[in-house]
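Student: What follows is the file data12.csv, containing CSV, C-alpha atoms and all ligand atoms:
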```csv
chain,number,residue,atom,x,y,z
B,1,MET,CA,-21.4,-25.9,12.2
B,2,THR,CA,-23.9,-28.1,10.3
B,3,HIS,CA,-23.4,-26.4,6.9
B,4,ALA,CA,-20.3,-25.6,4.9
B,5,PRO,CA,-18.8,-22.4,6.3
B,6,LEU,CA,-19.8,-19.1,4.7
B,7,VAL,CA,-16.7,-17.0,4.2
B,8,LEU,CA,-16.3,-13.4,3.2
B,9,GLY,CA,-13.0,-12.6,1.3
B,10,ILE,CA,-11.5,-9.1,0.9
B,11,GLU,CA,-8.8,-8.3,-1.6
B,12,THR,CA,-7.1,-4.9,-1.8
B,13,SER,CA,-3.5,-5.6,-2.7
B,14,CYS,CA,-3.4,-3.5,-5.9
B,15,ASP,CA,-6.1,-1.5,-7.8
B,16,GLU,CA,-9.1,-3.9,-7.4
B,17,THR,CA,-11.4,-3.8,-4.4
B,18,GLY,CA,-12.6,-7.4,-4.4
B,19,VAL,CA,-15.2,-8.9,-2.1
B,20,GLY,CA,-16.1,-12.5,-2.6
B,21,ILE,CA,-18.5,-14.8,-0.7
B,22,VAL,CA,-18.0,-18.5,-0.8
B,23,ARG,CA,-19.8,-21.4,0.9
B,24,GLY,CA,-17.5,-24.4,1.1
B,25,THR,CA,-16.2,-24.5,-2.4
B,26,THR,CA,-19.2,-22.8,-4.0
B,27,LEU,CA,-18.9,-19.3,-5.3
B,28,LEU,CA,-21.9,-17.2,-4.2
B,29,ALA,CA,-20.6,-13.6,-5.1
B,30,ASP,CA,-17.6,-12.0,-6.6
B,31,ALA,CA,-18.0,-8.2,-6.5
B,32,VAL,CA,-15.1,-6.1,-7.9
B,33,ALA,CA,-14.7,-2.4,-8.0
B,34,SER,CA,-11.6,-1.4,-10.0
B,35,SER,CA,-9.8,2.0,-9.9
B,36,VAL,CA,-7.9,1.0,-13.1
B,37,GLN,CA,-9.3,4.0,-15.1
B,38,GLU,CA,-8.0,6.4,-12.4
B,39,HIS,CA,-4.5,5.2,-13.1
B,40,ALA,CA,-4.7,5.1,-16.9
B,41,ARG,CA,-3.2,8.5,-17.5
B,42,PHE,CA,-0.2,7.6,-15.4
B,43,GLY,CA,0.5,4.4,-17.2
B,44,GLY,CA,0.6,2.4,-14.0
B,45,VAL,CA,-1.0,2.0,-10.6
B,46,VAL,CA,-0.5,5.0,-8.3
B,47,PRO,CA,-0.5,3.6,-4.7
B,48,GLU,CA,-2.1,6.7,-3.0
B,49,VAL,CA,-4.9,6.8,-5.6
B,50,ALA,CA,-5.5,3.1,-5.2
B,51,SER,CA,-5.7,3.4,-1.4
B,52,ARG,CA,-8.3,6.2,-1.5
B,53,ALA,CA,-10.3,4.3,-4.1
B,54,HIS,CA,-10.4,1.2,-1.8
B,55,LEU,CA,-11.6,3.3,1.1
B,56,GLU,CA,-14.5,4.6,-1.0
B,57,ALA,CA,-15.4,1.3,-2.6
B,58,MET,CA,-15.1,-1.0,0.4
B,59,VAL,CA,-18.5,-0.8,2.1
B,60,PRO,CA,-20.6,-0.5,-1.2
B,61,THR,CA,-18.7,-3.5,-2.6
B,62,VAL,CA,-19.3,-5.6,0.6
B,63,HIS,CA,-23.0,-4.8,0.3
B,64,ARG,CA,-23.1,-5.6,-3.4
B,65,ALA,CA,-21.5,-9.0,-2.6
B,66,LEU,CA,-24.0,-9.7,0.2
B,67,ASP,CA,-26.9,-8.8,-2.0
B,68,THR,CA,-25.7,-11.0,-4.9
B,69,ALA,CA,-25.1,-13.9,-2.5
B,70,GLY,CA,-28.5,-13.4,-0.8
B,71,VAL,CA,-26.9,-13.5,2.7
B,72,ARG,CA,-26.6,-11.1,5.6
B,73,LEU,CA,-23.5,-10.2,7.6
B,74,GLY,CA,-24.9,-12.2,10.5
B,75,ASP,CA,-24.8,-15.4,8.4
B,76,LEU,CA,-21.0,-15.3,7.9
B,77,ASP,CA,-18.8,-17.8,9.6
B,78,ALA,CA,-15.4,-16.3,8.9
B,79,VAL,CA,-13.6,-13.3,7.3
B,80,ALA,CA,-10.5,-13.7,5.1
B,81,VAL,CA,-8.3,-10.8,3.8
B,82,THR,CA,-5.2,-10.4,1.7
B,83,ALA,CA,-2.4,-9.7,4.2
B,84,GLY,CA,0.3,-9.4,1.4
B,85,PRO,CA,2.2,-9.2,-0.8
B,86,GLY,CA,0.9,-6.0,-2.3
B,87,LEU,CA,0.9,-2.2,-2.0
B,88,ALA,CA,1.2,-1.4,1.7
B,89,GLY,CA,-1.4,1.4,1.9
B,90,ALA,CA,-3.8,-0.5,-0.2
B,91,LEU,CA,-3.5,-3.7,1.9
B,92,LEU,CA,-4.0,-1.6,5.0
B,93,VAL,CA,-7.5,-0.5,3.9
B,94,GLY,CA,-8.6,-4.1,3.3
B,95,VAL,CA,-7.1,-5.4,6.5
B,96,ALA,CA,-8.7,-2.6,8.6
B,97,ALA,CA,-12.1,-3.3,7.0
B,98,ALA,CA,-11.7,-7.1,7.6
B,99,LYS,CA,-10.7,-6.6,11.2
B,100,ALA,CA,-13.7,-4.3,11.8
B,101,TYR,CA,-16.1,-6.8,10.3
B,102,ALA,CA,-14.6,-9.8,12.2
B,103,LEU,CA,-14.5,-7.9,15.5
B,104,ALA,CA,-18.1,-6.5,15.1
B,105,LEU,CA,-19.5,-9.9,14.1
B,106,GLY,CA,-17.4,-12.0,16.5
B,107,LEU,CA,-15.8,-14.1,13.7
B,108,PRO,CA,-12.4,-15.6,13.1
B,109,LEU,CA,-10.2,-13.5,10.8
B,110,TYR,CA,-7.7,-15.1,8.4
B,111,GLY,CA,-4.9,-13.0,6.9
B,112,VAL,CA,-3.9,-14.8,3.7
B,113,ASN,CA,-1.2,-14.7,1.1
B,114,HIS,CA,-2.1,-13.2,-2.2
B,115,LEU,CA,-0.3,-15.7,-4.4
B,116,ALA,CA,-1.8,-18.7,-2.5
B,117,SER,CA,-5.2,-17.1,-3.2
B,118,HIS,CA,-4.5,-17.0,-6.9
B,119,VAL,CA,-3.9,-20.8,-6.7
B,120,ALA,CA,-6.8,-21.6,-4.4
B,121,VAL,CA,-9.4,-19.9,-6.5
B,122,ASP,CA,-9.4,-22.7,-9.1
B,123,VAL,CA,-11.4,-24.9,-6.7
B,124,LEU,CA,-14.4,-22.7,-7.3
B,125,GLU,CA,-14.3,-23.6,-11.0
B,126,HIS,CA,-12.6,-27.0,-11.3
B,127,GLY,CA,-13.1,-28.7,-8.0
B,128,PRO,CA,-10.4,-29.9,-5.5
B,129,LEU,CA,-6.9,-28.7,-6.1
B,130,PRO,CA,-4.4,-31.3,-7.4
B,131,GLU,CA,-1.6,-31.2,-4.9
B,132,PRO,CA,1.3,-31.3,-5.5
B,133,ALA,CA,1.0,-28.9,-8.5
B,134,ILE,CA,3.2,-26.3,-10.1
B,135,ALA,CA,1.7,-22.8,-10.2
B,136,LEU,CA,2.6,-20.2,-12.7
B,137,LEU,CA,1.4,-16.8,-11.5
B,138,VAL,CA,1.7,-14.0,-13.9
B,139,SER,CA,0.3,-10.5,-13.4
B,140,GLY,CA,1.2,-6.8,-13.4
B,141,GLY,CA,2.9,-7.2,-10.1
B,142,HIS,CA,4.3,-10.8,-10.0
B,143,SER,CA,5.7,-13.5,-12.2
B,144,SER,CA,6.4,-16.6,-10.2
B,145,LEU,CA,6.8,-20.4,-10.6
B,146,LEU,CA,5.9,-22.1,-7.3
B,147,LEU,CA,5.6,-25.6,-6.0
B,148,VAL,CA,2.3,-26.1,-4.3
B,149,GLN,CA,2.4,-29.1,-1.8
B,150,ASP,CA,-0.5,-27.8,0.3
B,151,VAL,CA,-1.9,-24.4,-0.5
B,152,THR,CA,-2.9,-23.8,3.1
B,153,VAL,CA,0.7,-24.2,4.3
B,154,THR,CA,3.2,-22.7,2.0
B,155,LEU,CA,4.2,-22.2,-1.6
B,156,GLN,CA,7.8,-23.0,-2.5
B,157,PRO,CA,9.3,-20.5,-4.9
B,158,LEU,CA,11.1,-22.1,-7.8
B,159,GLY,CA,11.7,-19.1,-10.0
B,160,ALA,CA,10.6,-15.5,-10.5
B,161,THR,CA,11.2,-12.5,-12.7
B,162,VAL,CA,14.5,-10.9,-12.1
B,163,ASP,CA,13.2,-7.5,-13.4
B,164,ASP,CA,9.7,-6.7,-14.9
B,165,ALA,CA,6.7,-8.8,-14.2
B,166,ALA,CA,5.1,-10.3,-17.3
B,167,GLY,CA,2.0,-8.0,-17.1
B,168,GLU,CA,4.3,-5.0,-16.6
B,169,ALA,CA,6.1,-6.0,-19.9
B,170,PHE,CA,2.7,-6.1,-21.7
B,171,ASP,CA,1.8,-2.7,-20.2
B,172,LYS,CA,5.1,-1.1,-21.1
B,173,VAL,CA,5.1,-2.4,-24.7
B,174,ALA,CA,1.4,-1.4,-25.1
B,175,ARG,CA,2.4,2.1,-23.9
B,176,LEU,CA,5.2,2.5,-26.4
B,177,LEU,CA,2.8,1.4,-29.2
B,178,GLY,CA,0.2,3.9,-27.9
B,179,LEU,CA,-2.4,1.3,-26.9
B,180,GLY,CA,-3.3,2.6,-23.5
B,181,PHE,CA,-3.4,1.1,-20.0
B,182,PRO,CA,-3.7,-1.7,-19.0
B,183,GLY,CA,-2.0,-3.0,-22.1
B,184,GLY,CA,-2.4,-6.7,-21.9
B,185,PRO,CA,-5.9,-7.1,-23.3
B,186,ALA,CA,-5.1,-4.7,-26.2
B,187,VAL,CA,-1.9,-6.5,-27.2
B,188,ASP,CA,-3.7,-9.8,-27.0
B,189,ARG,CA,-6.5,-8.6,-29.3
B,190,LEU,CA,-4.2,-7.0,-31.9
B,191,ALA,CA,-1.8,-10.0,-31.8
B,192,ARG,CA,-4.6,-12.2,-33.2
B,193,GLU,CA,-4.3,-10.2,-36.5
B,194,GLY,CA,-0.5,-10.3,-36.5
B,195,ASP,CA,2.2,-12.8,-37.5
B,196,ARG,CA,3.9,-14.1,-34.3
B,197,THR,CA,7.0,-15.2,-36.4
B,198,ALA,CA,7.4,-11.8,-38.1
B,199,ILE,CA,10.0,-10.5,-35.7
B,200,ALA,CA,12.5,-12.6,-33.8
B,201,PHE,CA,12.5,-10.9,-30.4
B,202,PRO,CA,14.9,-12.4,-27.7
B,203,ARG,CA,13.9,-15.2,-25.4
B,204,SER,CA,15.8,-14.0,-22.3
B,205,MET,CA,17.1,-16.7,-20.0
B,206,LEU,CA,15.3,-19.5,-21.9
B,207,ARG,CA,18.4,-21.6,-22.2
B,208,GLU,CA,19.6,-21.0,-18.7
B,209,GLN,CA,19.1,-23.7,-16.1
B,210,SER,CA,17.4,-21.4,-13.6
B,211,LEU,CA,13.6,-21.1,-13.6
B,212,ASP,CA,13.8,-17.3,-13.3
B,213,VAL,CA,12.6,-15.2,-16.2
B,214,SER,CA,13.4,-11.7,-17.4
B,215,PHE,CA,11.4,-9.3,-19.5
B,216,SER,CA,13.2,-6.0,-19.3
B,217,GLY,CA,15.6,-6.9,-22.3
B,218,LEU,CA,12.6,-7.9,-24.4
B,219,LYS,CA,10.8,-4.6,-23.7
B,220,THR,CA,14.0,-2.7,-24.7
B,221,ALA,CA,14.3,-4.9,-27.9
B,222,VAL,CA,10.8,-4.0,-28.9
B,223,ALA,CA,11.4,-0.3,-28.3
B,224,ARG,CA,14.7,-0.4,-30.4
B,225,TRP,CA,12.9,-2.3,-33.2
B,226,VAL,CA,10.1,0.2,-33.3
B,227,GLU,CA,12.5,3.2,-33.2
B,228,ALA,CA,14.4,1.7,-36.1
B,229,GLN,CA,11.4,1.5,-38.4
B,230,PRO,CA,11.5,4.0,-41.2
B,231,GLY,CA,7.9,3.7,-42.1
B,232,PRO,CA,4.6,2.9,-40.4
B,233,ILE,CA,4.8,0.3,-37.5
B,234,PRO,CA,3.2,-3.0,-38.2
B,235,VAL,CA,1.5,-2.9,-34.8
B,236,ALA,CA,-0.2,-6.3,-35.0
B,237,ASP,CA,3.0,-8.1,-36.0
B,238,VAL,CA,4.9,-6.4,-33.1
B,239,CYS,CA,2.2,-7.4,-30.6
B,240,ALA,CA,2.1,-11.0,-31.9
B,241,SER,CA,5.9,-11.4,-31.9
B,242,PHE,CA,6.4,-9.8,-28.5
B,243,GLN,CA,3.5,-11.8,-27.0
B,244,GLU,CA,5.0,-15.0,-28.5
B,245,ALA,CA,8.4,-14.3,-26.9
B,246,VAL,CA,6.8,-13.8,-23.4
B,247,VAL,CA,4.5,-16.9,-23.6
B,248,ASP,CA,7.2,-19.1,-25.1
B,249,VAL,CA,9.5,-18.5,-22.2
B,250,LEU,CA,6.8,-18.8,-19.5
B,251,THR,CA,5.3,-22.0,-20.9
B,252,ALA,CA,8.7,-23.6,-21.5
B,253,LYS,CA,9.8,-22.9,-17.9
B,254,ALA,CA,6.5,-24.0,-16.4
B,255,VAL,CA,6.7,-27.3,-18.2
B,256,ARG,CA,10.3,-27.7,-17.2
B,257,ALA,CA,9.4,-27.0,-13.5
B,258,CYS,CA,6.8,-29.8,-13.7
B,259,ARG,CA,9.3,-32.2,-15.2
B,260,GLU,CA,12.1,-31.3,-12.6
B,261,GLN,CA,9.7,-31.7,-9.7
B,262,GLY,CA,8.0,-34.8,-11.1
B,263,VAL,CA,4.6,-33.0,-10.9
B,264,ALA,CA,1.8,-33.8,-13.4
B,265,HIS,CA,-0.4,-30.7,-12.8
B,266,LEU,CA,0.1,-27.1,-13.9
B,267,LEU,CA,-2.1,-24.3,-12.6
B,268,ILE,CA,-1.9,-20.8,-14.2
B,269,GLY,CA,-3.2,-17.7,-12.5
B,270,GLY,CA,-2.9,-13.9,-12.4
B,271,GLY,CA,-4.1,-11.3,-14.9
B,272,VAL,CA,-1.8,-12.4,-17.7
B,273,ALA,CA,-3.4,-15.9,-17.5
B,274,ALA,CA,-6.3,-14.2,-19.4
B,275,ASN,CA,-4.0,-14.1,-22.4
B,276,SER,CA,-5.4,-16.2,-25.2
B,277,ARG,CA,-2.0,-17.2,-26.6
B,278,LEU,CA,-0.6,-18.1,-23.2
B,279,ARG,CA,-3.6,-20.4,-22.6
B,280,ALA,CA,-3.3,-22.0,-26.1
B,281,LEU,CA,0.5,-22.6,-26.0
B,282,ALA,CA,0.4,-23.9,-22.4
B,283,GLN,CA,-2.3,-26.3,-23.4
B,284,GLU,CA,-0.3,-27.5,-26.4
B,285,ARG,CA,2.9,-28.0,-24.4
B,286,CYS,CA,1.1,-29.6,-21.4
B,287,ASP,CA,-0.6,-32.1,-23.7
B,288,ALA,CA,2.7,-33.0,-25.4
B,289,ALA,CA,4.3,-33.5,-21.9
B,290,GLY,CA,1.4,-35.4,-20.3
B,291,ILE,CA,0.7,-32.6,-17.9
B,292,VAL,CA,-2.8,-31.7,-16.8
B,293,LEU,CA,-3.4,-28.0,-17.2
B,294,ARG,CA,-5.9,-26.0,-15.1
B,295,VAL,CA,-6.6,-22.3,-15.7
B,296,PRO,CA,-9.5,-20.5,-14.1
B,297,ARG,CA,-11.8,-18.4,-16.3
B,298,PRO,CA,-10.3,-14.9,-17.0
B,299,GLY,CA,-12.5,-13.2,-14.4
B,300,LEU,CA,-11.1,-15.4,-11.6
B,301,CYS,CA,-7.5,-14.9,-12.9
B,302,THR,CA,-7.4,-11.2,-12.3
B,303,ASP,CA,-7.4,-9.9,-8.6
B,304,ASN,CA,-10.7,-10.6,-6.9
B,305,GLY,CA,-12.2,-11.3,-3.5
B,306,ALA,CA,-13.5,-14.7,-4.4
B,307,MET,CA,-10.0,-16.1,-4.4
B,308,VAL,CA,-9.4,-14.8,-0.9
B,309,ALA,CA,-12.7,-16.3,0.3
B,310,ALA,CA,-11.8,-19.6,-1.5
B,311,LEU,CA,-8.5,-19.8,0.4
B,312,GLY,CA,-10.2,-18.7,3.7
B,313,SER,CA,-12.8,-21.5,3.3
B,314,ARG,CA,-10.0,-24.0,2.8
B,315,LEU,CA,-8.3,-22.8,5.9
B,316,VAL,CA,-11.5,-23.1,7.9
B,317,ALA,CA,-12.1,-26.6,6.6
B,318,ALA,CA,-8.5,-27.5,7.5
B,319,GLY,CA,-9.1,-26.4,11.0
B,320,VAL,CA,-6.4,-23.8,10.9
B,321,GLY,CA,-7.1,-21.4,13.8
F,401,LIG,O1,-3.8,-9.9,-11.7
F,401,LIG,P1,-4.1,-8.5,-12.2
F,401,LIG,O2,-5.5,-8.1,-12.4
F,401,LIG,O3,-3.5,-7.5,-11.2
F,401,LIG,C1,-2.2,-7.5,-10.7
F,401,LIG,O4,-1.3,-7.0,-11.4
F,401,LIG,O5,-2.0,-8.1,-9.6
F,401,LIG,O6,-3.2,-8.4,-13.5
F,401,LIG,C2,-3.2,-7.2,-14.3
F,401,LIG,C3,-2.2,-7.4,-15.4
F,401,LIG,C4,-1.9,-6.2,-16.3
F,401,LIG,O7,-0.5,-6.0,-16.4
F,401,LIG,C5,-2.6,-6.5,-17.6
F,401,LIG,O8,-2.0,-5.8,-18.7
F,401,LIG,C6,-2.4,-8.0,-17.7
F,401,LIG,O9,-2.6,-8.5,-16.3
F,401,LIG,N1,-3.4,-8.6,-18.5
F,401,LIG,C7,-3.1,-9.3,-19.7
F,401,LIG,C8,-4.3,-9.7,-20.3
F,401,LIG,N2,-5.3,-9.3,-19.5
F,401,LIG,C9,-4.7,-8.7,-18.4
F,401,LIG,N3,-1.9,-9.5,-20.2
F,401,LIG,C10,-1.8,-10.2,-21.4
F,401,LIG,N4,-3.0,-10.6,-22.0
F,401,LIG,C11,-4.2,-10.4,-21.5
F,401,LIG,N5,-5.3,-10.8,-22.2
F,402,ZN,ZN,-2.6,-10.8,-8.2
```
The structure in this file should be written as structure tokens.

Tutor:
Amino acid sequence: MTHAPLVLGIETSCDETGVGIVRGTTLLADAVASSVQEHARFGGVVPEVASRAHLEAMVPTVHRALDTAGVRLGDLDAVAVTAGPGLAGALLVGVAAAKAYALALGLPLYGVNHLASHVAVDVLEHGPLPEPAIALLVSGGHSSLLLVQDVTVTLQPLGATVDDAAGEAFDKVARLLGLGFPGGPAVDRLAREGDRTAIAFPRSMLREQSLDVSFSGLKTAVARWVEAQPGPIPVADVCASFQEAVVDVLTAKAVRACREQGVAHLLIGGGVAANSRLRALAQERCDAAGIVLRVPRPGLCTDNGAMVAALGSRLVAAGVG
């Protein structure tokens, strides 16, 4: 191979059909078809609906990515696909498609870890990954603190949510405030007009030594507070105060993980990494602690195919067979 490898990445672990194309560490295409609107009336992702939507979106999304990148299937050097974790039926659609492309084109197939892809995607925007790094991955399905020694090998779990994922907490609080699904973006927007010190919501597990987090009690505290209001709900203040409780705990534990592991780089990914207050507070606390913070742009934080292609490309470069 005389040029950097051209890698197709397929992601179907949740409700986004993502197809990315990467050459080396250069992003050429990032096509995403989301079934999020089909789940809105249920207030959460319905696995069977997601699987069917992946099936329908797969081939058109692959073609859209090829068109954007200006390449043909025959130009590809490898295929990478999310093997897990995720919704079983949804993953199956992506894996079956990736196997079919790899077999038909005679290409190597890489089954990759979804969380490792969330970490690896940052190379497309900010260049080579700092390793070791601490990764804080926060989305609708996962909330984890991980030690990344080498993203192609393994991620060492340091802490995780013991109940709801961070994004799930945003979605549930948004739902009880009548803000629709997914709730994170709406809460983020409204919180900008609210006072984050208005209501002292609990910071679960903040003082505990463990790097685990918990958001179920916070969600209940918000529900109780809202129920107890005699008059109109100050929605912006509730959003700002709830959001502050989430990001306070997440950033405090992420910085603590860096300190404990003696690591000077923090990487944040997953849909909740799009949150403006999480980004701001993480920056503030990393600056104060002498930690270098890296957060990909919001479009690369949510589930996408580019992240799978980015990790696949790294595996090809590392000579992993
Ligand atoms: O990574 P993602 O697209 O899908 C998975 O769940 O894997 O993340 C979606 C989650 C949803 O829970 C959504 O409410 C949340 O990320 N989210 C946000 C924001 N944008 C998306 N949460 C807080 N603030 C945001 N700006
Ligand atoms: Zn994800």

Student: Just give me the gap between atom CA of B:Pro298 and atom CA of B:Ala29 in Å, one decimal is fine.

Tutor: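 So the two atoms, atom CA of B:Pro298 and atom CA of B:Ala29, lie 15.8 Å apart.
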
Student: So the first atom is atom CA of B:Thr197 and the second is atom CA of B:Lys253; what is the distance between them in Å, to one decimal place?

Tutor: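 Value for the atom CA of B:Thr197-atom CA of B:Lys253 distance: 20.2 Å.
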
Student: Neighbouring residues of B:Val295 were defined as those with any atom within 9 Å, considering only C-alpha atoms; residues of the same chain fewer than 5 positions away were excluded. Please report them as a ChimeraX atom specification.

Tutor: /B:122,126,266-269,273-274,279,301

Student: Can you work out which residues are within 8 Å of ligand LIG 401 (chain F), considering only C-alpha atoms and all ligand atoms, and then hand them over as a ChimeraX atom specification?

Tutor: /B:13-16,138-142,166-171,181-189,243,269-276,278,298,301-304

Student: Write out as a ChimeraX atom specification each polymer residue whose atoms come within 6 Å of B:Val148, counting only C-alpha atoms; drop sequence neighbours fewer than 3 positions from it.

Tutor: /B:132-134,151,155
